[in-house]
file upload-v6.cif (mmCIF, C-alpha atoms and all ligand atoms)
data_final
loop_
_atom_site.label_atom_id
_atom_site.label_comp_id
_atom_site.auth_asym_id
_atom_site.auth_seq_id
_atom_site.Cartn_x
_atom_site.Cartn_y
_atom_site.Cartn_z
CA MET A 1 331.52 129.20 187.41
CA THR A 2 333.34 125.93 188.03
CA PHE A 3 331.28 122.88 187.12
CA THR A 4 330.43 121.40 190.54
CA THR A 5 328.20 118.43 191.10
CA ARG A 6 327.44 116.02 193.90
CA PHE A 7 326.31 112.54 194.80
CA ALA A 8 323.98 112.77 197.81
CA PRO A 9 323.03 109.36 199.21
CA SER A 10 321.01 108.78 202.36
CA PRO A 11 322.71 106.22 204.61
CA THR A 12 319.58 104.16 205.13
CA GLY A 13 320.60 100.97 203.32
CA PRO A 14 323.19 99.48 200.98
CA LEU A 15 324.10 101.24 197.74
CA HIS A 16 322.86 99.32 194.73
CA LEU A 17 323.53 99.46 190.98
CA GLY A 18 321.28 102.50 190.59
CA HIS A 19 323.39 104.45 193.07
CA ALA A 20 326.57 103.28 191.36
CA TYR A 21 325.22 104.59 188.06
CA SER A 22 324.27 107.96 189.56
CA ALA A 23 327.61 108.38 191.32
CA LEU A 24 329.68 107.30 188.30
CA LEU A 25 327.69 109.53 185.93
CA ALA A 26 328.16 112.59 188.17
CA TYR A 27 331.83 111.73 188.66
CA ASP A 28 332.48 111.25 184.93
CA MET A 29 330.62 114.43 183.99
CA ALA A 30 332.67 116.40 186.54
CA ARG A 31 335.92 114.92 185.21
CA THR A 32 334.99 115.66 181.59
CA ALA A 33 334.22 119.27 182.54
CA GLN A 34 337.38 119.46 184.66
CA GLY A 35 335.07 120.35 187.50
CA ARG A 36 334.44 119.27 191.08
CA PHE A 37 332.72 116.16 192.42
CA LEU A 38 331.38 116.30 195.98
CA LEU A 39 329.84 113.68 198.20
CA ARG A 40 327.06 114.69 200.58
CA ILE A 41 325.60 112.44 203.25
CA GLU A 42 321.87 113.14 203.62
CA ASP A 43 321.36 111.76 207.12
CA THR A 44 318.66 114.01 208.58
CA ASP A 45 316.19 111.13 208.92
CA THR A 46 317.51 109.90 212.25
CA SER A 47 314.94 107.12 212.43
CA ARG A 48 316.53 105.43 209.38
CA ALA A 49 320.10 106.73 208.94
CA ARG A 50 322.79 104.48 210.43
CA PRO A 51 326.59 104.99 210.77
CA HIS A 52 327.34 101.54 209.34
CA TRP A 53 325.47 102.42 206.13
CA GLU A 54 327.48 105.63 205.89
CA ALA A 55 330.74 103.66 206.30
CA ALA A 56 329.53 101.22 203.61
CA ILE A 57 328.88 104.15 201.21
CA TYR A 58 332.50 105.36 201.51
CA ASP A 59 333.76 101.82 201.12
CA ASP A 60 331.67 101.03 198.01
CA LEU A 61 332.47 104.34 196.32
CA HIS A 62 336.19 103.93 196.95
CA TRP A 63 336.00 100.43 195.55
CA LEU A 64 334.28 101.81 192.42
CA GLY A 65 337.31 104.09 191.99
CA LEU A 66 335.68 107.40 192.92
CA GLN A 67 337.45 110.23 194.69
CA TRP A 68 335.79 113.20 196.28
CA GLU A 69 336.70 116.32 198.15
CA THR A 70 336.91 116.26 201.93
CA PRO A 71 335.52 117.07 204.41
CA VAL A 72 332.27 115.47 203.31
CA LEU A 73 329.17 117.50 204.19
CA ARG A 74 327.03 115.49 206.61
CA GLN A 75 323.60 117.05 206.93
CA SER A 76 323.14 115.96 210.55
CA GLU A 77 325.87 118.47 211.43
CA HIS A 78 323.96 121.41 209.90
CA LEU A 79 320.50 121.15 211.43
CA SER A 80 320.50 124.64 212.92
CA ARG A 81 321.31 126.17 209.50
CA TYR A 82 318.31 124.37 207.98
CA ASN A 83 316.13 125.38 210.88
CA ASP A 84 317.13 129.05 210.42
CA ALA A 85 315.88 128.89 206.82
CA LEU A 86 312.64 127.33 207.96
CA MET A 87 312.18 130.10 210.52
CA HIS A 88 312.88 132.66 207.79
CA LEU A 89 310.04 131.18 205.72
CA SER A 90 307.94 131.39 208.85
CA THR A 91 308.67 135.11 209.27
CA LEU A 92 307.41 135.55 205.68
CA GLY A 93 304.11 134.07 206.88
CA LEU A 94 304.46 130.95 204.71
CA ILE A 95 304.63 128.24 207.37
CA TYR A 96 302.00 126.88 209.72
CA PRO A 97 301.95 124.15 212.37
CA CYS A 98 299.98 121.01 211.67
CA SER A 99 298.84 118.37 214.14
CA CYS A 100 296.98 116.16 211.65
CA LYS A 101 297.70 112.48 211.78
CA ARG A 102 297.69 110.39 208.61
CA SER A 103 294.24 109.10 209.55
CA ASP A 104 292.89 112.69 209.95
CA ILE A 105 294.17 113.58 206.49
CA ARG A 106 292.68 110.45 204.95
CA ALA A 107 289.33 111.19 206.59
CA ALA A 108 289.32 114.83 205.39
CA LEU A 109 290.22 113.78 201.86
CA SER A 110 287.46 111.21 201.72
CA ALA A 111 284.76 113.52 203.15
CA PRO A 112 281.70 113.47 200.83
CA GLN A 113 282.07 117.12 199.79
CA GLU A 114 285.61 116.44 198.60
CA GLY A 115 284.57 113.64 196.25
CA ALA A 116 286.21 110.24 196.07
CA PRO A 117 289.79 110.06 197.37
CA GLN A 118 292.40 109.78 194.64
CA ALA A 119 295.96 108.62 194.74
CA ALA A 120 298.52 111.18 195.97
CA GLN A 121 296.23 114.05 196.85
CA PRO A 122 297.86 116.99 198.60
CA TYR A 123 297.15 117.90 202.21
CA PRO A 124 293.57 119.26 202.48
CA GLY A 125 294.57 122.35 204.48
CA THR A 126 292.85 121.51 207.77
CA CYS A 127 295.43 123.41 209.90
CA ARG A 128 296.20 126.17 207.37
CA GLN A 129 294.72 128.97 209.48
CA ARG A 130 296.72 128.09 212.58
CA PRO A 131 299.27 130.75 213.63
CA MET A 132 302.87 129.72 214.34
CA HIS A 133 302.57 130.64 218.01
CA SER A 134 300.05 127.83 218.43
CA ARG A 135 302.75 125.25 217.59
CA GLN A 136 302.75 122.27 219.95
CA PRO A 137 305.78 119.99 220.46
CA GLY A 138 304.49 117.16 218.21
CA ASP A 139 303.38 119.42 215.32
CA ALA A 140 304.83 119.28 211.82
CA LEU A 141 305.46 122.55 209.91
CA ARG A 142 303.85 122.95 206.52
CA LEU A 143 304.42 125.35 203.64
CA ASP A 144 301.31 127.33 202.66
CA MET A 145 301.63 126.65 198.93
CA GLY A 146 299.05 129.24 197.87
CA ARG A 147 300.84 132.05 199.70
CA ALA A 148 304.27 130.79 198.69
CA LEU A 149 303.33 130.96 195.01
CA GLN A 150 302.29 134.60 195.48
CA HIS A 151 305.71 135.35 196.96
CA VAL A 152 307.83 134.33 193.97
CA PRO A 153 308.76 136.75 191.20
CA HIS A 154 306.72 137.09 188.02
CA PRO A 155 307.18 135.85 185.39
CA LEU A 156 307.39 132.65 187.37
CA PRO A 157 310.83 131.10 187.72
CA GLY A 158 311.92 127.98 185.93
CA PHE A 159 314.86 125.68 185.47
CA THR A 160 316.83 124.04 182.71
CA GLU A 161 316.80 120.26 182.51
CA THR A 162 319.40 118.42 180.44
CA GLY A 163 318.33 114.80 181.14
CA ALA A 164 316.89 113.11 178.03
CA ALA A 165 313.40 112.38 179.40
CA HIS A 166 312.50 116.01 180.20
CA ALA A 167 315.13 118.06 178.35
CA GLY A 168 314.25 121.75 178.04
CA HIS A 169 313.30 124.75 180.12
CA HIS A 170 310.44 124.30 182.61
CA ILE A 171 308.40 126.98 184.36
CA LEU A 172 306.54 126.59 187.65
CA LYS A 173 302.81 126.15 187.05
CA PRO A 174 300.86 127.38 190.11
CA SER A 175 297.71 125.35 189.41
CA LEU A 176 299.74 122.17 189.03
CA MET A 177 301.72 122.84 192.19
CA LEU A 178 298.55 123.45 194.18
CA ARG A 179 296.97 120.31 192.77
CA THR A 180 299.91 117.93 193.05
CA THR A 181 302.33 119.25 195.68
CA GLY A 182 300.14 121.35 197.94
CA ASP A 183 301.06 122.26 201.51
CA VAL A 184 304.09 120.00 201.97
CA VAL A 185 305.74 119.33 205.32
CA LEU A 186 309.04 121.22 205.56
CA GLY A 187 309.68 120.72 209.28
CA ARG A 188 309.19 117.37 210.89
CA LYS A 189 307.74 116.75 214.28
CA GLU A 190 311.13 116.68 215.97
CA ILE A 191 312.42 120.17 216.73
CA GLU A 192 315.20 121.21 214.32
CA THR A 193 314.53 118.50 211.78
CA VAL A 194 313.70 119.67 208.29
CA SER A 195 312.50 117.76 205.28
CA TYR A 196 314.88 116.40 202.67
CA VAL A 197 313.79 118.92 199.99
CA LEU A 198 314.65 121.95 202.09
CA ALA A 199 318.00 120.59 203.31
CA ALA A 200 318.94 119.57 199.75
CA VAL A 201 318.09 123.02 198.35
CA LEU A 202 320.12 124.76 201.05
CA ASP A 203 323.12 122.51 200.52
CA ASP A 204 323.02 122.67 196.73
CA ALA A 205 323.38 126.44 197.22
CA ALA A 206 325.96 126.19 200.04
CA GLN A 207 328.09 123.83 197.94
CA GLN A 208 327.64 125.97 194.81
CA ILE A 209 326.32 123.04 192.80
CA THR A 210 326.00 123.94 189.12
CA PRO A 211 324.24 120.86 187.76
CA VAL A 212 322.28 118.58 190.09
CA ILE A 213 322.72 115.08 188.66
CA ARG A 214 320.35 112.46 190.09
CA GLY A 215 317.77 109.82 189.21
CA GLN A 216 314.57 110.53 187.33
CA ASP A 217 312.51 109.50 190.36
CA LEU A 218 313.42 112.86 191.90
CA TYR A 219 312.37 114.93 188.87
CA PRO A 220 308.93 115.81 190.35
CA THR A 221 310.50 117.29 193.52
CA THR A 222 312.48 119.75 191.39
CA PHE A 223 309.52 122.12 191.03
CA LEU A 224 309.19 122.45 194.80
CA GLN A 225 312.94 122.93 195.09
CA ILE A 226 312.87 125.77 192.54
CA LEU A 227 310.07 127.41 194.51
CA LEU A 228 312.11 127.15 197.73
CA GLN A 229 315.20 128.59 196.03
CA ASN A 230 313.18 131.62 194.99
CA LEU A 231 311.61 132.09 198.42
CA LEU A 232 315.05 131.90 200.03
CA ASP A 233 316.92 133.98 197.40
CA LEU A 234 319.13 131.06 196.42
CA PRO A 235 320.50 130.44 192.92
CA THR A 236 318.91 127.80 190.69
CA PRO A 237 321.36 125.25 189.28
CA THR A 238 320.64 123.24 186.16
CA TYR A 239 319.27 119.71 186.55
CA HIS A 240 320.13 116.43 184.90
CA HIS A 241 317.77 113.59 185.83
CA HIS A 242 319.09 110.33 184.48
CA ALA A 243 317.26 107.12 183.58
CA LEU A 244 316.86 104.59 186.38
CA ILE A 245 318.52 101.22 186.43
CA ARG A 246 315.80 98.58 186.43
CA ASP A 247 315.75 94.88 187.11
CA GLU A 248 314.90 92.28 184.48
CA HIS A 249 311.18 92.80 185.19
CA GLY A 250 311.44 96.55 184.58
CA LYS A 251 311.08 97.43 188.27
CA ARG A 252 313.35 100.11 189.62
CA LEU A 253 315.91 98.93 192.15
CA ALA A 254 315.21 99.55 195.81
CA LYS A 255 317.54 99.62 198.78
CA ARG A 256 316.05 96.40 200.07
CA ASP A 257 316.98 94.63 196.83
CA ASP A 258 320.09 93.07 198.33
CA ALA A 259 320.99 91.00 195.27
CA ARG A 260 321.80 94.25 193.41
CA ALA A 261 323.69 95.80 196.31
CA ILE A 262 327.19 96.75 195.27
CA ALA A 263 328.42 94.81 198.30
CA SER A 264 326.78 91.64 196.95
CA TYR A 265 328.49 92.03 193.57
CA ARG A 266 331.80 92.58 195.37
CA ALA A 267 331.26 89.47 197.47
CA ARG A 268 330.61 87.50 194.27
CA GLY A 269 333.96 88.65 192.83
CA VAL A 270 332.57 91.13 190.27
CA SER A 271 335.09 93.89 189.40
CA PRO A 272 334.45 97.66 189.33
CA ALA A 273 334.99 97.57 185.54
CA GLN A 274 332.26 94.92 185.23
CA ILE A 275 329.91 97.11 187.28
CA ARG A 276 330.62 100.00 184.94
CA ALA A 277 329.95 97.80 181.93
CA ARG A 278 326.69 96.53 183.46
CA ILE A 279 325.24 100.00 184.01
CA VAL A 280 326.21 101.86 180.88
CA VAL A 281 322.83 102.80 179.43
N1 LIG B 301 319.34 111.70 199.32
C1 LIG B 301 318.53 111.42 198.16
C2 LIG B 301 318.46 109.92 197.93
O1 LIG B 301 319.28 109.18 198.44
C3 LIG B 301 319.08 112.08 196.91
C4 LIG B 301 318.81 113.52 196.91
C5 LIG B 301 319.27 114.30 195.68
O2 LIG B 301 320.12 113.81 194.91
O3 LIG B 301 318.79 115.42 195.51
O4 LIG B 301 317.56 109.48 197.24
#

call {"tool": "encode", "arguments": {"input": "upload-v6.cif", "output": "C-alpha cells"}}
result
Amino acid sequence: MTFTTRFAPSPTGPLHLGHAYSALLAYDMARTAQGRFLLRIEDTDTSRARPHWEAAIYDDLHWLGLQWETPVLRQSEHLSRYNDALMHLSTLGLIYPCSCKRSDIRAALSAPQEGAPQAAQPYPGTCRQRPMHSRQPGDALRLDMGRALQHVPHPLPGFTETGAAHAGHHILKPSLMLRTTGDVVLGRKEIETVSYVLAAVLDDAAQQITPVIRGQDLYPTTFLQILLQNLLDLPTPTYHHHALIRDEHGKRLAKRDDARAIASYRARGVSPAQIRARIVV
C-alpha cells in the first residue's frame, strides 16, 4: 500500500508552531517514503470554523514550502456521509438520544451514591435506555460504550503506535474504555453534524491513510477511533503521535497564543528555514 498521510487542521484559529511541526513532519515522512501527503480541512464545528482561517491555513502551509494533492477534502462537504455511518451504528442498536445538559450531567455525577465527582468522568448514562425513536430536535446522540465493546471481534482489536512516547502495539481495554471514555457523543445537537472522532475515522479510511501522524494530545482518542473502525468495518492505520511543541514555560501552544502563530513569525521577517530550525525536536 502506498504510504499516505495527512495534516488535518480545524480552521478555528491561526496555525502556530505546533501545527507547523505536525505538518512538516507528516510532509517529510511522506517524501522520505515516496508516498502521498494530503491536507484535510476539519470544519464540521460550524460554530467555530471560519473561511478566513481556512484561507490562512493554505497561505501559511504554502509559505512553509508544503505541497499537497488537490482537491482538498473539506469535511463540511461530506456531512451526509458521516451521518449515514452514524445511522448505521444506530441500526446496530449502539446509539441513543440524550437530552442532558451539562448541569444535569454534573448533578448526576455528584449524586451522593456516586461518590465525590472526579475530573473527567464519563457520562453517567442517564438517557441510556431511551430508544432512537424518542429523539427530539435538540438531542445529542451517544454511543452506548458497553454494547459497542460487545460488538467488536475477540480477541479485541489493537493498533500499532510508532511515536516515541507510546511506541508498541496497544489493545483496547474494555474496563478502561468504560471508565475513561464512556458513552461519548457522536452526533451533535444539530441534525447531520457528527463529532470530530467519527468524521476523522471515516475520512482516514476514505483517504486510505496508512499512518496517522499527529500530536500526542490526540493519543487518548485513538482507542475510541479503533473501536469505531471495528464497528464500521474500516481498516486500522498505524499511528504516530509526535511530541508537542511547548513554550518556554513548558505549556503546550494553543491557537490563542498569537505570538507563536506562523503569521506572526512571518510578519516579523522570520524565514521558513528558521521555522524549521526552531521546531526540530
Ligand atoms: N482537526 C484536529 C485538530 O486540529 C486534528 C485531528 C487529527 O489529526 O486526527 O486538532

call {"tool": "atom_distance", "arguments": {"input": "upload-v6.cif", "atom1": "atom CA of Ala243 of chain A", "atom2": "atom CA of Ala261 of chain A"}}
result
18.2 Å

call {"tool": "residues_around", "arguments": {"input": "upload-v6.cif", "residues": "segment 196-203 of chain A", "least_positions_apart": "2", "cutoff": "9 Å", "atoms": "all atoms listed in the file", "output": "PyMOL selection string"}}
result
chain A and resi 8+40+42+44-45+73+75+78-79+81-82+85-86+186-187+194+205-209+221-222+224-226+228-229+232+234

call {"tool": "atom_distance", "arguments": {"input": "upload-v6.cif", "atom1": "atom CA of His242 of chain A", "atom2": "atom CA of Gln216 of chain A"}}
result
5.3 Å

call {"tool": "axis_aligned_box", "arguments": {"input": "upload-v6.cif", "around": "ligand LIG 301 (chain B)", "padding_each_side": "6 Å", "output": "JSON"}}
result
{"center_x": 318.8, "center_y": 112.3, "center_z": 197.1, "size_x": 14.6, "size_y": 18.2, "size_z": 16.4}

call {"tool": "closest_residue", "arguments": {"input": "upload-v6.cif", "among": "A:Thr210, A:Lys251, A:Arg142, A:His240", "to": "His169 of chain A", "atoms": "only C-alpha atoms"}}
result
A:His240

call {"tool": "residues_near_point", "arguments": {"input": "upload-v6.cif", "point": "(300.3, 123.5, 190.9)", "cutoff": "12 Å", "atoms": "all atoms listed in the file", "output": "list in words"}}
result
Gln121, Pro122, Met145, Gly146, Ala148, Leu149, Ile171, Leu172, Lys173, Pro174, Ser175, Leu176, Met177, Leu178, Arg179, Thr180, Thr181, Gly182, Asp183, Pro220, Phe223, Leu224 and Leu227 of chain A

call {"tool": "atom_distance", "arguments": {"input": "upload-v6.cif", "atom1": "atom CA of Leu89 of chain A", "atom2": "atom CA of Ser134 of chain A"}}
result
16.5 Å

call {"tool": "closest_residue", "arguments": {"input": "upload-v6.cif", "among": "A:Tyr27, A:Tyr219, A:Tyr58, A:Trp63", "to": "ligand LIG 301 (chain B)", "atoms": "all atoms listed in the file"}}
result
A:Tyr219

call {"tool": "residues_around", "arguments": {"input": "upload-v6.cif", "residues": "Ile57 of chain A", "least_positions_apart": "2", "cutoff": "10 Å", "atoms": "only C-alpha atoms", "output": "mmCIF file with C-alpha atoms, in the frame of the given file"}}
result
data_model
loop_
_atom_site.group_PDB
_atom_site.id
_atom_site.type_symbol
_atom_site.label_atom_id
_atom_site.label_comp_id
_atom_site.auth_asym_id
_atom_site.auth_seq_id
_atom_site.Cartn_x
_atom_site.Cartn_y
_atom_site.Cartn_z
ATOM 1 C CA PRO A 9 323.030 109.360 199.210
ATOM 2 C CA SER A 10 321.010 108.780 202.360
ATOM 3 C CA PRO A 11 322.710 106.220 204.610
ATOM 4 C CA GLY A 13 320.600 100.970 203.320
ATOM 5 C CA PRO A 14 323.190 99.480 200.980
ATOM 6 C CA LEU A 15 324.100 101.240 197.740
ATOM 7 C CA HIS A 19 323.390 104.450 193.070
ATOM 8 C CA ILE A 41 325.600 112.440 203.250
ATOM 9 C CA PRO A 51 326.590 104.990 210.770
ATOM 10 C CA HIS A 52 327.340 101.540 209.340
ATOM 11 C CA TRP A 53 325.470 102.420 206.130
ATOM 12 C CA GLU A 54 327.480 105.630 205.890
ATOM 13 C CA ALA A 55 330.740 103.660 206.300
ATOM 14 C CA ASP A 59 333.760 101.820 201.120
ATOM 15 C CA ASP A 60 331.670 101.030 198.010
ATOM 16 C CA LEU A 61 332.470 104.340 196.320
ATOM 17 C CA HIS A 62 336.190 103.930 196.950
ATOM 18 C CA TRP A 63 336.000 100.430 195.550
ATOM 19 C CA ILE A 262 327.190 96.750 195.270
ATOM 20 C CA ALA A 263 328.420 94.810 198.300
#

call {"tool": "closest_residue", "arguments": {"input": "upload-v6.cif", "among": "A:Leu218, A:Cys127, A:Met132, A:Leu143", "to": "ligand LIG 301 (chain B)", "atoms": "only C-alpha atoms and all ligand atoms"}}
result
A:Leu218

call {"tool": "residues_around", "arguments": {"input": "upload-v6.cif", "residues": "Pro131 of chain A", "least_positions_apart": "5", "cutoff": "12 Å", "atoms": "all atoms listed in the file", "output": "ChimeraX atom specification"}}
result
/A:90-91,93-98,136,141-142,144

call {"tool": "closest_residue", "arguments": {"input": "upload-v6.cif", "among": "A:Ser22, A:Gln129, A:Ser271, A:Thr162", "to": "ligand LIG 301 (chain B)", "atoms": "all atoms listed in the file"}}
result
A:Ser22

call {"tool": "residues_around", "arguments": {"input": "upload-v6.cif", "residues": "Thr160 of chain A", "least_positions_apart": "2", "cutoff": "10 Å", "atoms": "only C-alpha atoms", "output": "PyMOL selection string"}}
result
chain A and resi 158+162-163+166-171+211+236-240
